[in-house]
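Q: Next up, coords22.txt (compact mmCIF, N, CA and C atoms).
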```txt
# COMPACT_ATOMS: atom_id res chain seq x y z
N MET Q 1442 0.82 -1.19 0.00
CA MET Q 1442 0.00 0.00 0.00
C MET Q 1442 0.86 1.26 0.00
N ASN Q 1443 1.97 1.25 0.73
CA ASN Q 1443 2.85 2.40 0.82
C ASN Q 1443 3.48 2.71 -0.54
N SER Q 1444 3.87 1.70 -1.31
CA SER Q 1444 4.44 1.93 -2.63
C SER Q 1444 3.39 2.49 -3.59
N PHE Q 1445 2.14 2.11 -3.38
CA PHE Q 1445 1.06 2.67 -4.20
C PHE Q 1445 0.96 4.18 -3.97
N ARG Q 1446 1.02 4.62 -2.72
CA ARG Q 1446 0.94 6.05 -2.40
C ARG Q 1446 2.11 6.81 -2.98
N LYS Q 1447 3.31 6.23 -2.89
CA LYS Q 1447 4.49 6.89 -3.46
C LYS Q 1447 4.35 7.02 -4.97
N GLY Q 1448 3.84 5.96 -5.62
CA GLY Q 1448 3.64 6.01 -7.06
C GLY Q 1448 2.60 7.04 -7.45
N LEU Q 1449 1.52 7.12 -6.68
CA LEU Q 1449 0.47 8.10 -6.93
C LEU Q 1449 1.01 9.50 -6.76
N PHE Q 1450 1.78 9.73 -5.71
CA PHE Q 1450 2.37 11.05 -5.47
C PHE Q 1450 3.30 11.44 -6.61
N ALA Q 1451 4.14 10.51 -7.06
CA ALA Q 1451 5.06 10.78 -8.17
C ALA Q 1451 4.29 11.11 -9.44
N THR Q 1452 3.19 10.42 -9.69
CA THR Q 1452 2.38 10.70 -10.87
C THR Q 1452 1.76 12.09 -10.80
N ILE Q 1453 1.25 12.46 -9.63
CA ILE Q 1453 0.64 13.79 -9.47
C ILE Q 1453 1.68 14.88 -9.68
N VAL Q 1454 2.87 14.71 -9.11
CA VAL Q 1454 3.94 15.70 -9.28
C VAL Q 1454 4.34 15.79 -10.75
N ALA Q 1455 4.44 14.65 -11.44
CA ALA Q 1455 4.83 14.65 -12.85
C ALA Q 1455 3.80 15.37 -13.71
N ILE Q 1456 2.54 15.28 -13.35
CA ILE Q 1456 1.48 15.96 -14.11
C ILE Q 1456 1.44 17.44 -13.75
N ALA Q 1457 1.57 17.77 -12.48
CA ALA Q 1457 1.43 19.15 -12.03
C ALA Q 1457 2.60 20.02 -12.42
N PHE Q 1458 3.82 19.49 -12.48
CA PHE Q 1458 5.00 20.30 -12.77
C PHE Q 1458 4.92 21.00 -14.12
N PRO Q 1459 4.59 20.30 -15.23
CA PRO Q 1459 4.45 21.01 -16.51
C PRO Q 1459 3.33 22.05 -16.49
N LEU Q 1460 2.26 21.78 -15.76
CA LEU Q 1460 1.17 22.76 -15.68
C LEU Q 1460 1.64 24.02 -14.97
N ALA Q 1461 2.43 23.89 -13.94
CA ALA Q 1461 2.96 25.06 -13.24
C ALA Q 1461 3.89 25.85 -14.15
N GLN Q 1462 4.68 25.17 -14.96
CA GLN Q 1462 5.55 25.86 -15.89
C GLN Q 1462 4.74 26.61 -16.94
N ALA Q 1463 3.63 26.06 -17.41
CA ALA Q 1463 2.79 26.72 -18.40
C ALA Q 1463 2.19 28.00 -17.83
N ASP Q 1464 1.82 27.99 -16.54
CA ASP Q 1464 1.30 29.20 -15.92
C ASP Q 1464 2.34 30.30 -15.92
N ALA Q 1465 3.56 29.98 -15.59
CA ALA Q 1465 4.61 30.99 -15.54
C ALA Q 1465 4.89 31.53 -16.93
N ALA Q 1466 4.89 30.67 -17.95
CA ALA Q 1466 5.17 31.11 -19.31
C ALA Q 1466 4.06 32.00 -19.83
N GLY Q 1467 2.84 31.76 -19.41
CA GLY Q 1467 1.72 32.58 -19.87
C GLY Q 1467 1.82 34.01 -19.40
N SER Q 1468 2.64 34.27 -18.39
CA SER Q 1468 2.75 35.62 -17.86
C SER Q 1468 3.42 36.59 -18.84
N THR Q 1469 4.00 36.09 -19.92
CA THR Q 1469 4.60 36.94 -20.96
C THR Q 1469 3.59 37.95 -21.49
N PHE Q 1470 2.33 37.59 -21.49
CA PHE Q 1470 1.29 38.44 -22.07
C PHE Q 1470 0.50 39.20 -21.01
N ASP Q 1471 0.96 39.18 -19.77
CA ASP Q 1471 0.26 39.87 -18.70
C ASP Q 1471 0.16 41.37 -18.98
N GLY Q 1472 -0.96 41.94 -18.57
CA GLY Q 1472 -1.17 43.38 -18.71
C GLY Q 1472 -2.54 43.68 -19.26
N ALA Q 1473 -2.74 44.93 -19.60
CA ALA Q 1473 -4.02 45.39 -20.14
C ALA Q 1473 -3.99 45.36 -21.67
N TRP Q 1474 -5.10 44.92 -22.26
CA TRP Q 1474 -5.23 44.81 -23.71
C TRP Q 1474 -6.55 45.42 -24.16
N ASN Q 1475 -6.54 46.10 -25.30
CA ASN Q 1475 -7.76 46.56 -25.97
C ASN Q 1475 -8.06 45.60 -27.10
N VAL Q 1476 -9.28 45.10 -27.12
CA VAL Q 1476 -9.69 44.14 -28.14
C VAL Q 1476 -10.80 44.76 -28.98
N ARG Q 1477 -10.57 44.86 -30.27
CA ARG Q 1477 -11.55 45.40 -31.23
C ARG Q 1477 -12.26 44.23 -31.89
N ILE Q 1478 -13.59 44.20 -31.74
CA ILE Q 1478 -14.40 43.09 -32.25
C ILE Q 1478 -15.15 43.55 -33.49
N SER Q 1479 -15.06 42.78 -34.56
CA SER Q 1479 -15.72 43.12 -35.82
C SER Q 1479 -16.56 41.95 -36.32
N SER Q 1480 -17.63 42.30 -37.04
CA SER Q 1480 -18.47 41.31 -37.68
C SER Q 1480 -18.81 41.81 -39.08
N SER Q 1481 -18.95 40.89 -40.02
CA SER Q 1481 -19.30 41.29 -41.38
C SER Q 1481 -20.80 41.51 -41.52
N SER Q 1482 -21.57 41.16 -40.50
CA SER Q 1482 -23.02 41.30 -40.55
C SER Q 1482 -23.46 42.53 -39.76
N GLU Q 1483 -24.21 43.41 -40.40
CA GLU Q 1483 -24.70 44.61 -39.72
C GLU Q 1483 -25.68 44.27 -38.60
N THR Q 1484 -26.42 43.20 -38.74
CA THR Q 1484 -27.38 42.82 -37.70
C THR Q 1484 -26.68 42.35 -36.42
N CYS Q 1485 -25.42 41.94 -36.54
CA CYS Q 1485 -24.67 41.49 -35.37
C CYS Q 1485 -23.92 42.62 -34.70
N GLY Q 1486 -23.92 43.78 -35.29
CA GLY Q 1486 -23.16 44.90 -34.75
C GLY Q 1486 -21.74 44.86 -35.25
N ASN Q 1487 -21.07 45.99 -35.18
CA ASN Q 1487 -19.71 46.06 -35.68
C ASN Q 1487 -18.97 47.18 -34.96
N GLY Q 1488 -17.73 46.95 -34.67
CA GLY Q 1488 -16.90 48.01 -34.14
C GLY Q 1488 -16.86 48.16 -32.63
N SER Q 1489 -17.12 47.11 -31.89
CA SER Q 1489 -17.08 47.18 -30.44
C SER Q 1489 -15.64 47.00 -29.94
N THR Q 1490 -15.30 47.70 -28.87
CA THR Q 1490 -13.99 47.55 -28.25
C THR Q 1490 -14.17 47.15 -26.79
N VAL Q 1491 -13.40 46.16 -26.35
CA VAL Q 1491 -13.46 45.65 -24.99
C VAL Q 1491 -12.06 45.68 -24.40
N SER Q 1492 -11.94 46.10 -23.16
CA SER Q 1492 -10.67 46.04 -22.46
C SER Q 1492 -10.63 44.79 -21.61
N ILE Q 1493 -9.53 44.06 -21.72
CA ILE Q 1493 -9.35 42.86 -20.89
C ILE Q 1493 -8.01 42.96 -20.19
N GLY Q 1494 -7.87 42.19 -19.13
CA GLY Q 1494 -6.60 42.09 -18.44
C GLY Q 1494 -6.14 40.65 -18.43
N ILE Q 1495 -4.85 40.46 -18.47
CA ILE Q 1495 -4.27 39.12 -18.38
C ILE Q 1495 -3.32 39.11 -17.20
N ASN Q 1496 -3.49 38.12 -16.33
CA ASN Q 1496 -2.65 37.99 -15.15
C ASN Q 1496 -2.28 36.51 -14.99
N ASN Q 1497 -0.99 36.21 -15.09
CA ASN Q 1497 -0.51 34.83 -15.04
C ASN Q 1497 -1.21 33.94 -16.07
N GLY Q 1498 -1.47 34.50 -17.23
CA GLY Q 1498 -2.10 33.74 -18.31
C GLY Q 1498 -3.61 33.63 -18.22
N GLN Q 1499 -4.20 34.13 -17.14
CA GLN Q 1499 -5.66 34.10 -16.96
C GLN Q 1499 -6.26 35.42 -17.45
N ILE Q 1500 -7.38 35.33 -18.15
CA ILE Q 1500 -8.03 36.50 -18.73
C ILE Q 1500 -9.20 36.91 -17.85
N ALA Q 1501 -9.34 38.23 -17.65
CA ALA Q 1501 -10.47 38.79 -16.93
C ALA Q 1501 -10.82 40.13 -17.58
N SER Q 1502 -12.07 40.53 -17.47
CA SER Q 1502 -12.47 41.81 -18.04
C SER Q 1502 -12.15 42.93 -17.07
N SER Q 1503 -11.91 44.11 -17.63
CA SER Q 1503 -11.71 45.27 -16.79
C SER Q 1503 -12.92 46.20 -16.90
N SER Q 1504 -14.06 45.64 -17.29
CA SER Q 1504 -15.29 46.40 -17.42
C SER Q 1504 -16.41 45.66 -16.69
N ALA Q 1505 -17.26 46.42 -16.02
CA ALA Q 1505 -18.40 45.80 -15.35
C ALA Q 1505 -19.47 45.36 -16.36
N MET Q 1506 -19.42 45.92 -17.56
CA MET Q 1506 -20.42 45.60 -18.59
C MET Q 1506 -20.18 44.26 -19.27
N VAL Q 1507 -18.92 43.84 -19.36
CA VAL Q 1507 -18.56 42.63 -20.09
C VAL Q 1507 -17.76 41.72 -19.17
N THR Q 1508 -18.16 40.47 -19.10
CA THR Q 1508 -17.41 39.48 -18.34
C THR Q 1508 -16.53 38.71 -19.31
N ALA Q 1509 -15.25 38.64 -19.01
CA ALA Q 1509 -14.31 37.90 -19.84
C ALA Q 1509 -13.62 36.83 -19.01
N SER Q 1510 -13.43 35.69 -19.62
CA SER Q 1510 -12.68 34.62 -18.97
C SER Q 1510 -11.95 33.84 -20.05
N GLY Q 1511 -10.90 33.17 -19.66
CA GLY Q 1511 -10.16 32.38 -20.62
C GLY Q 1511 -8.72 32.25 -20.23
N ARG Q 1512 -7.90 31.87 -21.21
CA ARG Q 1512 -6.51 31.55 -20.93
C ARG Q 1512 -5.63 31.85 -22.13
N VAL Q 1513 -4.40 32.29 -21.84
CA VAL Q 1513 -3.38 32.47 -22.87
C VAL Q 1513 -2.29 31.44 -22.60
N ALA Q 1514 -1.97 30.63 -23.60
CA ALA Q 1514 -0.92 29.62 -23.46
C ALA Q 1514 0.45 30.26 -23.60
N ASP Q 1515 1.49 29.53 -23.25
CA ASP Q 1515 2.84 30.08 -23.28
C ASP Q 1515 3.28 30.50 -24.68
N ALA Q 1516 2.78 29.87 -25.72
CA ALA Q 1516 3.15 30.23 -27.09
C ALA Q 1516 2.27 31.35 -27.65
N GLY Q 1517 1.28 31.83 -26.86
CA GLY Q 1517 0.45 32.93 -27.29
C GLY Q 1517 -0.92 32.56 -27.78
N SER Q 1518 -1.22 31.27 -27.92
CA SER Q 1518 -2.58 30.91 -28.34
C SER Q 1518 -3.54 31.29 -27.22
N ILE Q 1519 -4.69 31.80 -27.62
CA ILE Q 1519 -5.64 32.34 -26.65
C ILE Q 1519 -7.03 31.79 -26.93
N ASN Q 1520 -7.75 31.50 -25.86
CA ASN Q 1520 -9.18 31.21 -25.98
C ASN Q 1520 -9.86 32.04 -24.90
N VAL Q 1521 -10.93 32.69 -25.29
CA VAL Q 1521 -11.60 33.63 -24.40
C VAL Q 1521 -13.11 33.54 -24.59
N THR Q 1522 -13.84 33.74 -23.53
CA THR Q 1522 -15.29 33.83 -23.58
C THR Q 1522 -15.70 35.19 -23.06
N LEU Q 1523 -16.48 35.91 -23.86
CA LEU Q 1523 -17.03 37.20 -23.46
C LEU Q 1523 -18.53 37.06 -23.31
N SER Q 1524 -19.08 37.65 -22.27
CA SER Q 1524 -20.53 37.62 -22.11
C SER Q 1524 -21.01 38.92 -21.50
N THR Q 1525 -22.19 39.30 -21.92
CA THR Q 1525 -22.88 40.45 -21.38
C THR Q 1525 -24.37 40.13 -21.43
N GLY Q 1526 -25.02 40.17 -20.29
CA GLY Q 1526 -26.42 39.76 -20.25
C GLY Q 1526 -26.56 38.32 -20.71
N ILE Q 1527 -27.46 38.10 -21.69
CA ILE Q 1527 -27.64 36.74 -22.21
C ILE Q 1527 -26.78 36.47 -23.45
N LYS Q 1528 -26.05 37.46 -23.94
CA LYS Q 1528 -25.20 37.28 -25.10
C LYS Q 1528 -23.86 36.70 -24.67
N ARG Q 1529 -23.35 35.78 -25.51
CA ARG Q 1529 -22.09 35.11 -25.21
C ARG Q 1529 -21.35 34.86 -26.52
N ALA Q 1530 -20.04 35.08 -26.50
CA ALA Q 1530 -19.20 34.81 -27.67
C ALA Q 1530 -17.91 34.14 -27.22
N VAL Q 1531 -17.42 33.25 -28.07
CA VAL Q 1531 -16.18 32.54 -27.79
C VAL Q 1531 -15.18 32.92 -28.87
N GLY Q 1532 -13.97 33.28 -28.45
CA GLY Q 1532 -12.94 33.68 -29.39
C GLY Q 1532 -11.70 32.82 -29.29
N PHE Q 1533 -11.01 32.69 -30.42
CA PHE Q 1533 -9.76 31.93 -30.50
C PHE Q 1533 -8.78 32.73 -31.33
N GLY Q 1534 -7.50 32.59 -31.06
CA GLY Q 1534 -6.50 33.28 -31.85
C GLY Q 1534 -5.14 33.19 -31.24
N ARG Q 1535 -4.33 34.21 -31.50
CA ARG Q 1535 -2.94 34.21 -31.04
C ARG Q 1535 -2.50 35.63 -30.70
N LEU Q 1536 -1.77 35.73 -29.59
CA LEU Q 1536 -1.10 36.96 -29.21
C LEU Q 1536 0.38 36.81 -29.51
N SER Q 1537 1.00 37.93 -29.90
CA SER Q 1537 2.43 37.92 -30.18
C SER Q 1537 2.98 39.30 -29.86
N GLY Q 1538 3.81 39.38 -28.83
CA GLY Q 1538 4.37 40.67 -28.45
C GLY Q 1538 3.31 41.63 -27.94
N THR Q 1539 3.01 42.66 -28.73
CA THR Q 1539 2.05 43.69 -28.31
C THR Q 1539 0.77 43.70 -29.11
N SER Q 1540 0.52 42.64 -29.90
CA SER Q 1540 -0.70 42.60 -30.69
C SER Q 1540 -1.20 41.16 -30.81
N GLY Q 1541 -2.38 41.03 -31.39
CA GLY Q 1541 -2.95 39.70 -31.60
C GLY Q 1541 -4.15 39.77 -32.51
N SER Q 1542 -4.62 38.61 -32.94
CA SER Q 1542 -5.81 38.56 -33.79
C SER Q 1542 -6.40 37.16 -33.74
N GLY Q 1543 -7.64 37.08 -34.21
CA GLY Q 1543 -8.30 35.79 -34.24
C GLY Q 1543 -9.73 35.90 -34.71
N THR Q 1544 -10.50 34.87 -34.42
CA THR Q 1544 -11.91 34.82 -34.82
C THR Q 1544 -12.77 34.61 -33.58
N TRP Q 1545 -14.05 34.91 -33.73
CA TRP Q 1545 -15.00 34.68 -32.65
C TRP Q 1545 -16.30 34.19 -33.24
N ARG Q 1546 -17.11 33.55 -32.37
CA ARG Q 1546 -18.45 33.11 -32.79
C ARG Q 1546 -19.39 33.22 -31.61
N GLY Q 1547 -20.61 33.57 -31.94
CA GLY Q 1547 -21.67 33.64 -30.95
C GLY Q 1547 -22.80 32.73 -31.40
N ALA Q 1548 -23.98 32.91 -30.81
CA ALA Q 1548 -25.12 32.05 -31.14
C ALA Q 1548 -25.50 32.17 -32.61
N MET Q 1549 -25.52 33.39 -33.14
CA MET Q 1549 -25.95 33.58 -34.53
C MET Q 1549 -24.99 34.46 -35.33
N CYS Q 1550 -23.85 34.80 -34.75
CA CYS Q 1550 -22.92 35.72 -35.39
C CYS Q 1550 -21.50 35.19 -35.32
N THR Q 1551 -20.68 35.64 -36.25
CA THR Q 1551 -19.26 35.33 -36.26
C THR Q 1551 -18.49 36.58 -36.67
N GLY Q 1552 -17.21 36.56 -36.47
CA GLY Q 1552 -16.41 37.70 -36.88
C GLY Q 1552 -14.94 37.51 -36.54
N THR Q 1553 -14.23 38.63 -36.54
CA THR Q 1553 -12.81 38.63 -36.24
C THR Q 1553 -12.54 39.60 -35.10
N TRP Q 1554 -11.36 39.49 -34.52
CA TRP Q 1554 -10.94 40.42 -33.49
C TRP Q 1554 -9.45 40.72 -33.66
N THR Q 1555 -9.07 41.90 -33.22
CA THR Q 1555 -7.66 42.28 -33.14
C THR Q 1555 -7.42 42.86 -31.76
N ALA Q 1556 -6.22 42.71 -31.26
CA ALA Q 1556 -5.89 43.18 -29.92
C ALA Q 1556 -4.58 43.95 -29.93
N GLU Q 1557 -4.50 44.94 -29.05
CA GLU Q 1557 -3.26 45.71 -28.84
C GLU Q 1557 -3.03 45.85 -27.36
N ARG Q 1558 -1.78 45.65 -26.97
CA ARG Q 1558 -1.43 45.85 -25.57
C ARG Q 1558 -1.46 47.35 -25.26
N MET Q 1559 -2.02 47.69 -24.13
CA MET Q 1559 -2.10 49.11 -23.74
C MET Q 1559 -0.84 49.55 -23.01
```
Could you express the structure from this file as structure tokens?

A:
Amino acid sequence: MNSFRKGLFATIVAIAFPLAQADAAGSTFDGAWNVRISSSSETCGNGSTVSIGINNGQIASSSAMVTASGRVADAGSINVTLSTGIKRAVGFGRLSGTSGSGTWRGAMCTGTWTAERM
């Protein structure tokens, strides 16, 4: 039984160590970002800007109007969910240095986004 516990502990440490390293690497993109959201459909709206913050690779909104959550990986790939009221959109893309871009989709709309570090 004791060797089972040691093996389990070693397995947990082996899994957790790379995850801890990924958190530290994600901090490269920490700070405030302005995200410009665009859609090709006029019915979906166009030209909205949202401010988000990144801390240790975790995304949060800096606005009470929009809730943001998600994660930035160490290589800059990003996935984020924005919601306001009953509206929700999911975005994917990549950050690099002081800018980024990607796509987003909601219930009935899609579009692109660009980001700049503030």

Q: Between atom C of Thr1551 of chain Q and atom C of Gly1494 of chain Q, what distance in Å does the model show, to one decimal?

A: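 These two atoms are separated by 22.4 Å.
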
Q: Quick check, in Å to one decimal: how far apart do atom N of Ala1473 of chain Q and atom N of Ala1505 of chain Q lie?

A: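 Here the two named atoms are 15.0 Å from each other.
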
Q: Could you check how far atom C of Gly1472 of chain Q sits from atom N of Ala1530 of chain Q, in Å to one decimal?

A: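 According to the coordinates, atom C of Gly1472 of chain Q and atom N of Ala1530 of chain Q are separated by 20.8 Å.
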
Q: Kindly indicate which residue among Q:Val1521, Q:Glu1557, Q:Gly1532, Q:Asn1475 lies nearest to Trp1545 of chain Q, using all atoms listed in the file for the distances.

A: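 Of Q:Val1521, Q:Glu1557, Q:Gly1532, Q:Asn1475, the one nearest Trp1545 of chain Q, counting all atoms listed in the file, is Q:Gly1532.
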
Q: Would you mind writing segment 1520-1531 of chain Q with all heavy atoms, as an mmCIF file, keeping the file's coordinate frame?

A:
```cif
data_model
loop_
_atom_site.group_PDB
_atom_site.id
_atom_site.type_symbol
_atom_site.label_atom_id
_atom_site.label_comp_id
_atom_site.auth_asym_id
_atom_site.auth_seq_id
_atom_site.Cartn_x
_atom_site.Cartn_y
_atom_site.Cartn_z
ATOM 1 N N ASN Q 1520 -7.750 31.500 -25.860
ATOM 2 C CA ASN Q 1520 -9.180 31.210 -25.980
ATOM 3 C C ASN Q 1520 -9.860 32.040 -24.900
ATOM 4 O O ASN Q 1520 -9.389 32.124 -23.774
ATOM 5 C CB ASN Q 1520 -9.498 29.717 -25.898
ATOM 6 C CG ASN Q 1520 -9.084 29.103 -24.592
ATOM 7 O OD1 ASN Q 1520 -8.940 29.763 -23.580
ATOM 8 N ND2 ASN Q 1520 -8.877 27.810 -24.600
ATOM 9 N N VAL Q 1521 -10.930 32.690 -25.290
ATOM 10 C CA VAL Q 1521 -11.600 33.630 -24.400
ATOM 11 C C VAL Q 1521 -13.110 33.540 -24.590
ATOM 12 O O VAL Q 1521 -13.575 33.291 -25.704
ATOM 13 C CB VAL Q 1521 -11.092 35.070 -24.639
ATOM 14 C CG1 VAL Q 1521 -11.380 35.531 -26.047
ATOM 15 C CG2 VAL Q 1521 -11.651 36.039 -23.623
ATOM 16 N N THR Q 1522 -13.840 33.740 -23.530
ATOM 17 C CA THR Q 1522 -15.290 33.830 -23.580
ATOM 18 C C THR Q 1522 -15.700 35.190 -23.060
ATOM 19 O O THR Q 1522 -15.276 35.601 -21.981
ATOM 20 C CB THR Q 1522 -15.950 32.731 -22.729
ATOM 21 O OG1 THR Q 1522 -15.528 31.448 -23.215
ATOM 22 C CG2 THR Q 1522 -17.466 32.819 -22.783
ATOM 23 N N LEU Q 1523 -16.480 35.910 -23.860
ATOM 24 C CA LEU Q 1523 -17.030 37.200 -23.460
ATOM 25 C C LEU Q 1523 -18.530 37.060 -23.310
ATOM 26 O O LEU Q 1523 -19.179 36.445 -24.149
ATOM 27 C CB LEU Q 1523 -16.724 38.281 -24.502
ATOM 28 C CG LEU Q 1523 -15.275 38.616 -24.766
ATOM 29 C CD1 LEU Q 1523 -15.174 39.630 -25.902
ATOM 30 C CD2 LEU Q 1523 -14.605 39.164 -23.516
ATOM 31 N N SER Q 1524 -19.080 37.650 -22.270
ATOM 32 C CA SER Q 1524 -20.530 37.620 -22.110
ATOM 33 C C SER Q 1524 -21.010 38.920 -21.500
ATOM 34 O O SER Q 1524 -20.322 39.568 -20.717
ATOM 35 C CB SER Q 1524 -20.955 36.426 -21.251
ATOM 36 O OG SER Q 1524 -20.331 36.480 -19.995
ATOM 37 N N THR Q 1525 -22.190 39.300 -21.920
ATOM 38 C CA THR Q 1525 -22.880 40.450 -21.380
ATOM 39 C C THR Q 1525 -24.370 40.130 -21.430
ATOM 40 O O THR Q 1525 -24.904 39.813 -22.490
ATOM 41 C CB THR Q 1525 -22.548 41.752 -22.138
ATOM 42 O OG1 THR Q 1525 -23.257 42.834 -21.547
ATOM 43 C CG2 THR Q 1525 -22.843 41.673 -23.609
ATOM 44 N N GLY Q 1526 -25.020 40.170 -20.290
ATOM 45 C CA GLY Q 1526 -26.420 39.760 -20.250
ATOM 46 C C GLY Q 1526 -26.560 38.320 -20.710
ATOM 47 O O GLY Q 1526 -25.851 37.443 -20.245
ATOM 48 N N ILE Q 1527 -27.460 38.100 -21.690
ATOM 49 C CA ILE Q 1527 -27.640 36.740 -22.210
ATOM 50 C C ILE Q 1527 -26.780 36.470 -23.450
ATOM 51 O O ILE Q 1527 -26.755 35.355 -23.957
ATOM 52 C CB ILE Q 1527 -29.126 36.461 -22.539
ATOM 53 C CG1 ILE Q 1527 -29.636 37.411 -23.612
ATOM 54 C CG2 ILE Q 1527 -29.961 36.530 -21.277
ATOM 55 C CD1 ILE Q 1527 -31.002 37.047 -24.149
ATOM 56 N N LYS Q 1528 -26.050 37.460 -23.940
ATOM 57 C CA LYS Q 1528 -25.200 37.280 -25.100
ATOM 58 C C LYS Q 1528 -23.860 36.700 -24.670
ATOM 59 O O LYS Q 1528 -23.294 37.087 -23.654
ATOM 60 C CB LYS Q 1528 -24.967 38.608 -25.811
ATOM 61 C CG LYS Q 1528 -26.217 39.197 -26.415
ATOM 62 C CD LYS Q 1528 -25.901 40.489 -27.093
ATOM 63 C CE LYS Q 1528 -27.145 41.123 -27.664
ATOM 64 N NZ LYS Q 1528 -26.845 42.409 -28.294
ATOM 65 N N ARG Q 1529 -23.350 35.780 -25.510
ATOM 66 C CA ARG Q 1529 -22.090 35.110 -25.210
ATOM 67 C C ARG Q 1529 -21.350 34.860 -26.520
ATOM 68 O O ARG Q 1529 -21.937 34.457 -27.511
ATOM 69 C CB ARG Q 1529 -22.376 33.789 -24.505
ATOM 70 C CG ARG Q 1529 -21.166 33.025 -24.099
ATOM 71 C CD ARG Q 1529 -21.603 31.802 -23.272
ATOM 72 N NE ARG Q 1529 -20.478 30.971 -22.972
ATOM 73 C CZ ARG Q 1529 -20.158 29.867 -23.621
ATOM 74 N NH1 ARG Q 1529 -20.907 29.457 -24.619
ATOM 75 N NH2 ARG Q 1529 -19.103 29.166 -23.286
ATOM 76 N N ALA Q 1530 -20.040 35.080 -26.500
ATOM 77 C CA ALA Q 1530 -19.200 34.810 -27.670
ATOM 78 C C ALA Q 1530 -17.910 34.140 -27.220
ATOM 79 O O ALA Q 1530 -17.397 34.424 -26.134
ATOM 80 C CB ALA Q 1530 -18.879 36.093 -28.418
ATOM 81 N N VAL Q 1531 -17.420 33.250 -28.070
ATOM 82 C CA VAL Q 1531 -16.180 32.540 -27.790
ATOM 83 C C VAL Q 1531 -15.180 32.920 -28.870
ATOM 84 O O VAL Q 1531 -15.496 32.908 -30.055
ATOM 85 C CB VAL Q 1531 -16.414 31.017 -27.788
ATOM 86 C CG1 VAL Q 1531 -15.120 30.271 -27.557
ATOM 87 C CG2 VAL Q 1531 -17.447 30.637 -26.745
#
```
